[in-house]
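Please read the structure below before turning to the comments.
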Amino acid sequence: MKTLLLAALAALLLTNAAPAQTTPVQDILRSQSDLIMKSSRRTIGPAIDAIADSGLPQMQSVLEAWRAKDMWQRKSDGLFFAASKNPDGTFKLRDFEDNAAVGDVAKNTLIQLKPNSGIRAMIATALVQFQLSDPDPTKRHAALDSISRDPDAALLAPLRASINGEDDAALLARKTRLNNLMTMTYDPDDASRVAAINAMAGDLGLDFRGTLNPLLITKMTVAKTGTTPDANVAAQLTPSTDALSRSAAYAILVDAGLAPPLVTQDARDDALRANIVAGYVADTPVAQLSTEAKRDAAYDALAAQSLAAPRVTDTDITVRLSEHQFFEVYAEPSPAVTTAGKAALAKSESRVAASQMVDLGLDALSLASIYFLAAIGLAITFGVMGVINMAHGEFIMLGAYTGYVVQLFVPNHTLSIIIAVPMAFAVTFAAGVALERLVIRWLYHRPLETLLATFGVSIALQQLAKNIFGTQARPLTSPAWLDGAWAINDVVSISYIRIAIFILALMFLGLFLFIMRRTRLGLETRAATQNPRMASSMGINTDRVNMLTFGLGSGIAGIAGVAIGLFAKVTSEMGGDYIVQSFMTVVVGGVGNIWGTLAGAAMIGGFQKGVEWLNPSNTLAAQTYMIVFIIIFIQFRPRGIIALKGRAAGD
């Protein structure tokens, strides 16, 4: 009974499978069965081409199942199916023709196709023509990525066919761009290639320039004088010019077999040694061959006896060069294509140069905003109060470490930064007030002692930070929404962190101006710094004003530390990286003028980035040149870019 049931089941399966035997899909697969089952990367190509070129829409499912190792062959009749494993260990077969279920069979009745990585890559390329029009946008994106990585002339036609039916604007733009790029290289019609090149002329994309460059590759060729090579000539070169030296031109003739090679000193000496007979070389004693002239004469004697190749003289070189012309010819045979390509590339390079200048300007603006943010606190303590605070960099460091400590307790990076900014201000404000109360107020109008005292405080703060946090850099992580960069085009981009710092610098500029011009503290600060005695006689507590002003400058330095720590390393020495630039920014801009500080930051940032652009391999040179430039600048404008006027300028 069991045998009869198995036979009936087998008959039923064969009956269900019978319609598949005559389907076009199975006909093509069975015709390529030998290649499919015994495939290798070198032999599988015809089978994949037969499947992809069949025009049958079902072949997309076949290729996808094959690549995913989900295609199986039934041993009994050699038919191919998509199979999935059932919980009981059997496999459910589905027909490729209509995706209908064929039945459940044991694994030992099937042979699984397991293509290697090379074959799967070839299948993926073949799938592209189906995926270009797939309803799933993800698959269309993947198809375009595949074409971009491995373009091929065979994919141009299906790419074009998929453009008209594309309803996704982003995908349509990608397809149109890729069509133009592939047309430049693979279209047999020169007019279409020229039109595609002209349509993208001036484009900044690396893919566009990368497509044009192979079309404009040239090679050197030689022709007899009075003739022109049968090729797309780029230029004719004249020997003994900057474009083609005399020696290089003759070397080309030698390589082409059109002239004898030059006899080098080594070759000459080898020939002399090879022809020593009884202590003589061509009737010249070996002992006399101590000078170059005598060795040349001995070699010429060997050449006269046909024992060595004759030396090539300058006259010989001149004659050979006069008998030939030198040309650079394009690898691309179409003059129309190369002419359009040169014009398009020149336009693109002009736009690239302009974009690079814009990018350089954004870099300079970004660096200037960092310097301004670091210097704005010093503009208060040094520029307004006249206090040389060498611990200003350490207040920046304290602010950065405050942000790090906040993130230890608040894991949400956005919230932690929102909390860290006022916390850093509070910590460094308190530290600044303490420094002013304990040290600075006893040293007003004694700049040398102030410098030495604050320098000692800076060393103490650095050592304290090392004892608490160690010597390794600590992370101050920016929020996820500040990751990445704003890419204006393929050349110009600026990171979101730099944009945030620029906005923060503008905010603090506005805050500083508001405090100094619209608040009582600002009014009292300006009065106390311009004429302390008169301010005291008017009832202003100058001692309190100095304390709050110094604390304000220190607090702003702490906030700057949080911002700088988002992209720079947070260590105990980080303040030293900005103290020099901060002082230079304030001094160059004009002591006591916030607009001068802004102008100084812009000038220093622009100059440094300009030097780095001119000498990108040595960024340290930019620092040196910047200091030299500032020394020279101060000789001509000792009061800075925007000098104070009136009574305050004389203090």
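How things are named: the first chain in the structure tokens is A, the next is B, and so on; residues count from 1 in each chain; ligands count from 1 in the order shown.
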Contacts of range 196-209 of chain A at 12 Å or less, counting only C-alpha atoms, minus same-chain residues fewer than 2 places along, as an MDAnalysis selection string?
chainID A and resid 148:149 151 174 176:187 189:194 211:216 336:356 488:492
Residues at most 10 Å from Ser40 in chain A, counting only C-alpha atoms, excluding those fewer than 5 positions away in the same chain, as a JSON list (two decimals) with all heavy atoms, in the first residue's frame?
```
[["chain", "number", "residue", "atom", "x", "y", "z"],
["A", 35, "LEU", "N", 25.53, 24.40, -19.11],
["A", 35, "LEU", "CA", 26.34, 25.53, -18.64],
["A", 35, "LEU", "C", 25.92, 25.96, -17.24],
["A", 35, "LEU", "O", 26.76, 26.32, -16.41],
["A", 35, "LEU", "CB", 26.20, 26.71, -19.60],
["A", 35, "LEU", "CG", 26.84, 26.55, -20.98],
["A", 35, "LEU", "CD1", 26.56, 27.78, -21.84],
["A", 35, "LEU", "CD2", 28.34, 26.33, -20.87],
["A", 45, "GLY", "N", 28.86, 32.96, -19.13],
["A", 45, "GLY", "CA", 28.38, 34.13, -19.84],
["A", 45, "GLY", "C", 27.29, 33.86, -20.86],
["A", 45, "GLY", "O", 26.24, 34.52, -20.86],
["A", 115, "PRO", "N", 25.78, 29.43, -7.20],
["A", 115, "PRO", "CA", 26.76, 30.24, -7.95],
["A", 115, "PRO", "C", 27.76, 30.89, -7.01],
["A", 115, "PRO", "O", 27.41, 31.31, -5.91],
["A", 115, "PRO", "CB", 25.88, 31.28, -8.64],
["A", 115, "PRO", "CG", 24.66, 31.39, -7.77],
["A", 115, "PRO", "CD", 24.43, 30.00, -7.23],
["A", 116, "ASN", "N", 29.01, 30.96, -7.45],
["A", 116, "ASN", "CA", 30.02, 31.62, -6.64],
["A", 116, "ASN", "C", 29.88, 33.14, -6.76],
["A", 116, "ASN", "O", 29.02, 33.65, -7.49],
["A", 116, "ASN", "CB", 31.43, 31.15, -7.02],
["A", 116, "ASN", "CG", 31.75, 31.41, -8.48],
["A", 116, "ASN", "OD1", 31.31, 32.41, -9.06],
["A", 116, "ASN", "ND2", 32.50, 30.51, -9.10],
["A", 118, "GLY", "N", 31.70, 35.36, -8.20],
["A", 118, "GLY", "CA", 31.92, 35.89, -9.54],
["A", 118, "GLY", "C", 30.69, 35.75, -10.41],
["A", 118, "GLY", "O", 30.31, 36.67, -11.15],
["A", 119, "ILE", "N", 30.04, 34.58, -10.35],
["A", 119, "ILE", "CA", 28.83, 34.36, -11.15],
["A", 119, "ILE", "C", 27.70, 35.24, -10.63],
["A", 119, "ILE", "O", 26.92, 35.80, -11.43],
["A", 119, "ILE", "CB", 28.44, 32.87, -11.12],
["A", 119, "ILE", "CG1", 29.54, 32.03, -11.79],
["A", 119, "ILE", "CG2", 27.10, 32.64, -11.81],
["A", 119, "ILE", "CD1", 29.29, 30.54, -11.70]]
```
Would you mind listing what lies within 9 Å of Thr454 in chain A as a list in words, with only C-alpha atoms counted and same-chain residues fewer than 2 positions away left out?
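Returned residues: Ile388, Asn389, Met390, Ala391, His392, Leu435, Val439, Ile440, Glu449, Thr450, Leu451, Leu452, Gly456, Val457, Ser458 and Ile459 of chain A.
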Determine, counting only C-alpha atoms, which protein, DNA and RNA residues have an atom within 9 Å of an atom of Leu513 in chain A; residues of the same chain fewer than 5 positions away are not included. Present the result as a PyMOL selection string.
chain A and resi 508+518+522+594
List the neighbours of range 579-593 of chain A out to 8 Å using only C-alpha atoms; skip same-chain residues closer than 5 positions along the sequence, and give me the result as a ChimeraX atom specification.
/A:371-372,374-375,378-380,382-384,390,392-393,598-601,604,630,633-634,639-644
Contacts of Met507 in chain A at 12 Å or less, counting only C-alpha atoms, minus same-chain residues fewer than 3 places along, as an mmCIF file with all heavy atoms, in the first residue's frame?
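Result written to around29.cif:
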```cif
data_model
loop_
_atom_site.group_PDB
_atom_site.id
_atom_site.type_symbol
_atom_site.label_atom_id
_atom_site.label_comp_id
_atom_site.auth_asym_id
_atom_site.auth_seq_id
_atom_site.Cartn_x
_atom_site.Cartn_y
_atom_site.Cartn_z
ATOM 1 N N SER A 369 35.407 82.051 12.246
ATOM 2 C CA SER A 369 34.372 81.976 13.284
ATOM 3 C C SER A 369 34.888 81.249 14.521
ATOM 4 O O SER A 369 34.533 81.609 15.652
ATOM 5 C CB SER A 369 33.131 81.262 12.730
ATOM 6 O OG SER A 369 33.406 79.913 12.413
ATOM 7 N N PHE A 372 37.181 83.722 16.237
ATOM 8 C CA PHE A 372 36.389 84.787 16.856
ATOM 9 C C PHE A 372 35.710 84.280 18.123
ATOM 10 O O PHE A 372 35.683 84.971 19.144
ATOM 11 C CB PHE A 372 35.350 85.295 15.865
ATOM 12 C CG PHE A 372 34.445 86.348 16.432
ATOM 13 C CD1 PHE A 372 34.897 87.635 16.643
ATOM 14 C CD2 PHE A 372 33.132 86.049 16.772
ATOM 15 C CE1 PHE A 372 34.068 88.618 17.174
ATOM 16 C CE2 PHE A 372 32.296 87.012 17.307
ATOM 17 C CZ PHE A 372 32.766 88.301 17.507
ATOM 18 N N LEU A 373 35.174 83.064 18.051
ATOM 19 C CA LEU A 373 34.507 82.493 19.221
ATOM 20 C C LEU A 373 35.496 82.297 20.366
ATOM 21 O O LEU A 373 35.160 82.505 21.532
ATOM 22 C CB LEU A 373 33.871 81.147 18.841
ATOM 23 C CG LEU A 373 32.830 80.573 19.798
ATOM 24 C CD1 LEU A 373 31.658 81.525 19.946
ATOM 25 C CD2 LEU A 373 32.353 79.223 19.290
ATOM 26 N N ILE A 376 36.504 86.079 21.591
ATOM 27 C CA ILE A 376 35.534 87.084 22.033
ATOM 28 C C ILE A 376 35.603 87.291 23.537
ATOM 29 O O ILE A 376 35.432 88.408 24.040
ATOM 30 C CB ILE A 376 34.112 86.686 21.569
ATOM 31 C CG1 ILE A 376 33.142 87.849 21.809
ATOM 32 C CG2 ILE A 376 33.635 85.433 22.276
ATOM 33 C CD1 ILE A 376 31.783 87.626 21.168
ATOM 34 N N ALA A 500 27.240 75.393 12.562
ATOM 35 C CA ALA A 500 26.710 75.680 13.892
ATOM 36 C C ALA A 500 27.629 76.633 14.655
ATOM 37 O O ALA A 500 27.155 77.549 15.347
ATOM 38 C CB ALA A 500 26.524 74.377 14.665
ATOM 39 N N ILE A 501 28.942 76.437 14.535
ATOM 40 C CA ILE A 501 29.888 77.320 15.224
ATOM 41 C C ILE A 501 29.818 78.731 14.643
ATOM 42 O O ILE A 501 29.892 79.734 15.371
ATOM 43 C CB ILE A 501 31.313 76.744 15.127
ATOM 44 C CG1 ILE A 501 31.418 75.469 15.978
ATOM 45 C CG2 ILE A 501 32.351 77.763 15.570
ATOM 46 C CD1 ILE A 501 32.746 74.776 15.873
ATOM 47 N N PHE A 502 29.653 78.833 13.341
ATOM 48 C CA PHE A 502 29.515 80.150 12.705
ATOM 49 C C PHE A 502 28.270 80.877 13.231
ATOM 50 O O PHE A 502 28.323 82.070 13.569
ATOM 51 C CB PHE A 502 29.445 79.984 11.192
ATOM 52 C CG PHE A 502 29.187 81.258 10.449
ATOM 53 C CD1 PHE A 502 30.174 82.220 10.328
ATOM 54 C CD2 PHE A 502 27.950 81.498 9.868
ATOM 55 C CE1 PHE A 502 29.933 83.404 9.654
ATOM 56 C CE2 PHE A 502 27.705 82.677 9.187
ATOM 57 C CZ PHE A 502 28.692 83.629 9.078
ATOM 58 N N ILE A 503 27.160 80.143 13.316
ATOM 59 C CA ILE A 503 25.927 80.747 13.839
ATOM 60 C C ILE A 503 26.109 81.137 15.306
ATOM 61 O O ILE A 503 25.668 82.213 15.743
ATOM 62 C CB ILE A 503 24.747 79.772 13.667
ATOM 63 C CG1 ILE A 503 24.472 79.541 12.175
ATOM 64 C CG2 ILE A 503 23.503 80.294 14.365
ATOM 65 C CD1 ILE A 503 23.434 78.473 11.895
ATOM 66 N N LEU A 504 26.789 80.269 16.074
ATOM 67 C CA LEU A 504 27.035 80.569 17.485
ATOM 68 C C LEU A 504 27.902 81.817 17.633
ATOM 69 O O LEU A 504 27.672 82.647 18.519
ATOM 70 C CB LEU A 504 27.703 79.369 18.154
ATOM 71 C CG LEU A 504 27.876 79.437 19.674
ATOM 72 C CD1 LEU A 504 26.516 79.492 20.353
ATOM 73 C CD2 LEU A 504 28.669 78.229 20.172
ATOM 74 N N GLY A 510 26.165 89.315 18.612
ATOM 75 C CA GLY A 510 24.974 90.086 18.958
ATOM 76 C C GLY A 510 24.788 90.229 20.458
ATOM 77 O O GLY A 510 24.409 91.312 20.953
ATOM 78 N N LEU A 511 25.063 89.152 21.222
ATOM 79 C CA LEU A 511 24.928 89.209 22.675
ATOM 80 C C LEU A 511 25.906 90.214 23.272
ATOM 81 O O LEU A 511 25.546 90.997 24.175
ATOM 82 C CB LEU A 511 25.163 87.817 23.264
ATOM 83 C CG LEU A 511 25.111 87.707 24.794
ATOM 84 C CD1 LEU A 511 23.717 88.068 25.302
ATOM 85 C CD2 LEU A 511 25.514 86.300 25.247
ATOM 86 N N PHE A 512 27.133 90.202 22.783
ATOM 87 C CA PHE A 512 28.149 91.128 23.301
ATOM 88 C C PHE A 512 27.741 92.577 23.031
ATOM 89 O O PHE A 512 27.821 93.436 23.919
ATOM 90 C CB PHE A 512 29.495 90.826 22.652
ATOM 91 C CG PHE A 512 30.616 91.719 23.100
ATOM 92 C CD1 PHE A 512 31.352 91.424 24.231
ATOM 93 C CD2 PHE A 512 30.930 92.870 22.398
ATOM 94 C CE1 PHE A 512 32.378 92.255 24.649
ATOM 95 C CE2 PHE A 512 31.947 93.709 22.803
ATOM 96 C CZ PHE A 512 32.678 93.396 23.932
ATOM 97 N N LEU A 513 27.296 92.824 21.795
ATOM 98 C CA LEU A 513 26.888 94.190 21.457
ATOM 99 C C LEU A 513 25.698 94.627 22.304
ATOM 100 O O LEU A 513 25.615 95.783 22.745
ATOM 101 C CB LEU A 513 26.543 94.274 19.967
ATOM 102 C CG LEU A 513 27.713 94.095 19.002
ATOM 103 C CD1 LEU A 513 27.216 94.062 17.568
ATOM 104 C CD2 LEU A 513 28.745 95.210 19.182
ATOM 105 N N PHE A 514 24.777 93.688 22.537
ATOM 106 C CA PHE A 514 23.613 94.024 23.364
ATOM 107 C C PHE A 514 24.034 94.357 24.799
ATOM 108 O O PHE A 514 23.564 95.347 25.380
ATOM 109 C CB PHE A 514 22.629 92.854 23.355
ATOM 110 C CG PHE A 514 21.436 93.054 24.238
ATOM 111 C CD1 PHE A 514 20.381 93.859 23.832
ATOM 112 C CD2 PHE A 514 21.377 92.455 25.494
ATOM 113 C CE1 PHE A 514 19.281 94.069 24.656
ATOM 114 C CE2 PHE A 514 20.280 92.651 26.325
ATOM 115 C CZ PHE A 514 19.230 93.466 25.903
ATOM 116 N N ILE A 556 32.164 83.328 28.528
ATOM 117 C CA ILE A 556 32.061 83.178 27.072
ATOM 118 C C ILE A 556 33.157 82.242 26.564
ATOM 119 O O ILE A 556 32.933 81.444 25.648
ATOM 120 C CB ILE A 556 32.136 84.559 26.396
ATOM 121 C CG1 ILE A 556 30.890 85.368 26.742
ATOM 122 C CG2 ILE A 556 32.266 84.408 24.884
ATOM 123 C CD1 ILE A 556 30.890 86.770 26.183
ATOM 124 N N ILE A 559 31.916 78.699 27.004
ATOM 125 C CA ILE A 559 30.979 78.275 25.954
ATOM 126 C C ILE A 559 31.736 77.983 24.661
ATOM 127 O O ILE A 559 31.422 77.027 23.936
ATOM 128 C CB ILE A 559 29.907 79.360 25.743
ATOM 129 C CG1 ILE A 559 29.086 79.520 27.024
ATOM 130 C CG2 ILE A 559 29.005 79.002 24.570
ATOM 131 C CD1 ILE A 559 28.044 80.618 26.950
ATOM 132 N N ALA A 560 32.740 78.802 24.373
ATOM 133 C CA ALA A 560 33.571 78.529 23.193
ATOM 134 C C ALA A 560 34.234 77.162 23.311
ATOM 135 O O ALA A 560 34.380 76.439 22.315
ATOM 136 C CB ALA A 560 34.626 79.618 23.024
#
```
Restricting to only C-alpha atoms, whichever of A:Thr227, A:Thr519, A:Thr471, A:Gln112 is closest to Ala82 in chain A is A:Gln112
When DSSP works through the backbone of this structure, what residues of range 215-306 of chain A end up as alpha helix (DSSP H), shown as a PyMOL selection string?
chain A and resi 215+246-255+265-274+292-304
Top pick for closest residue to Arg120 in chain A, considering A:Ala142, A:Ser572, A:Ile44, A:Trp72 and counting only C-alpha atoms
A:Ile44
Determine which residues of range 75-266 of chain A DSSP labels as strand (DSSP E) from the backbone of this structure, then write them out as a compact mmCIF listing (two decimals) with N, CA and C atoms, in the first residue's frame.
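Now in result_4.txt:
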```
# COMPACT_ATOMS: atom_id res chain seq x y z
N PHE A 80 13.68 23.34 -13.83
CA PHE A 80 14.18 24.29 -12.83
C PHE A 80 13.02 24.96 -12.12
N PHE A 81 13.17 25.13 -10.81
CA PHE A 81 12.12 25.73 -10.00
C PHE A 81 12.75 26.63 -8.93
N ALA A 82 11.92 27.56 -8.45
CA ALA A 82 12.27 28.29 -7.23
C ALA A 82 11.77 27.46 -6.06
N ALA A 83 12.61 27.28 -5.04
CA ALA A 83 12.24 26.40 -3.93
C ALA A 83 12.50 27.10 -2.60
N SER A 84 11.61 26.83 -1.65
CA SER A 84 11.76 27.33 -0.28
C SER A 84 11.55 26.16 0.67
N LYS A 85 12.28 26.17 1.77
CA LYS A 85 12.26 25.05 2.70
C LYS A 85 11.05 25.12 3.61
N PHE A 91 10.80 20.65 0.52
CA PHE A 91 10.92 21.92 -0.20
C PHE A 91 9.69 22.16 -1.06
N LYS A 92 9.17 23.40 -0.99
CA LYS A 92 8.02 23.80 -1.79
C LYS A 92 8.53 24.37 -3.10
N LEU A 93 8.12 23.78 -4.22
CA LEU A 93 8.55 24.23 -5.54
C LEU A 93 7.53 25.19 -6.13
N ARG A 94 8.03 26.22 -6.80
CA ARG A 94 7.18 27.17 -7.51
C ARG A 94 7.68 27.31 -8.93
N ALA A 101 2.42 27.21 -7.23
CA ALA A 101 3.00 26.13 -6.44
C ALA A 101 2.93 24.82 -7.22
N VAL A 102 4.04 24.13 -7.27
CA VAL A 102 4.12 22.86 -8.00
C VAL A 102 3.92 21.68 -7.05
N GLY A 103 4.42 21.81 -5.82
CA GLY A 103 4.27 20.75 -4.85
C GLY A 103 5.43 20.73 -3.89
N ASP A 104 5.35 19.82 -2.91
CA ASP A 104 6.40 19.64 -1.91
C ASP A 104 7.17 18.37 -2.21
N VAL A 105 8.50 18.46 -2.21
CA VAL A 105 9.33 17.30 -2.54
C VAL A 105 10.46 17.21 -1.52
N LEU A 110 16.27 16.93 -5.48
CA LEU A 110 16.61 18.21 -6.09
C LEU A 110 18.12 18.42 -6.08
N ILE A 111 18.56 19.30 -6.96
CA ILE A 111 19.95 19.76 -6.99
C ILE A 111 19.93 21.28 -6.87
N GLN A 112 20.59 21.78 -5.84
CA GLN A 112 20.62 23.23 -5.62
C GLN A 112 21.73 23.87 -6.46
N THR A 218 45.86 61.28 -25.06
CA THR A 218 46.66 61.34 -26.29
C THR A 218 47.89 60.46 -26.16
N LYS A 219 48.42 60.11 -27.30
CA LYS A 219 49.68 59.38 -27.35
C LYS A 219 50.56 60.00 -28.44
N MET A 220 51.85 59.79 -28.33
CA MET A 220 52.79 60.35 -29.29
C MET A 220 52.95 59.41 -30.46
N THR A 221 52.98 60.00 -31.64
CA THR A 221 53.22 59.21 -32.84
C THR A 221 54.17 59.97 -33.76
N VAL A 222 54.82 59.24 -34.65
CA VAL A 222 55.82 59.82 -35.54
C VAL A 222 55.43 59.56 -36.98
N ALA A 223 55.67 60.53 -37.84
CA ALA A 223 55.41 60.37 -39.27
C ALA A 223 56.55 60.99 -40.05
N LYS A 224 56.73 60.54 -41.26
CA LYS A 224 57.75 61.12 -42.13
C LYS A 224 57.43 62.58 -42.40
N VAL A 233 44.41 64.04 -34.86
CA VAL A 233 45.59 64.74 -34.38
C VAL A 233 45.19 65.80 -33.36
N ALA A 234 45.85 65.77 -32.22
CA ALA A 234 45.62 66.79 -31.19
C ALA A 234 46.55 67.97 -31.38
N ALA A 235 47.82 67.71 -31.70
CA ALA A 235 48.79 68.79 -31.87
C ALA A 235 50.03 68.23 -32.56
N GLN A 236 50.72 69.11 -33.27
CA GLN A 236 52.03 68.77 -33.82
C GLN A 236 53.10 69.41 -32.95
N LEU A 237 54.07 68.60 -32.54
CA LEU A 237 55.10 69.07 -31.64
C LEU A 237 56.41 69.25 -32.38
```
Nearest to Asp167 in chain A among A:Ser495, A:Ser133, A:Asn412, A:Thr238, with distances taken over only C-alpha atoms: which residue is it?
A:Ser133
Pairwise distance, CA of Glu97 in chain A with CA of Ala157 in chain A, equals 25.6 Å
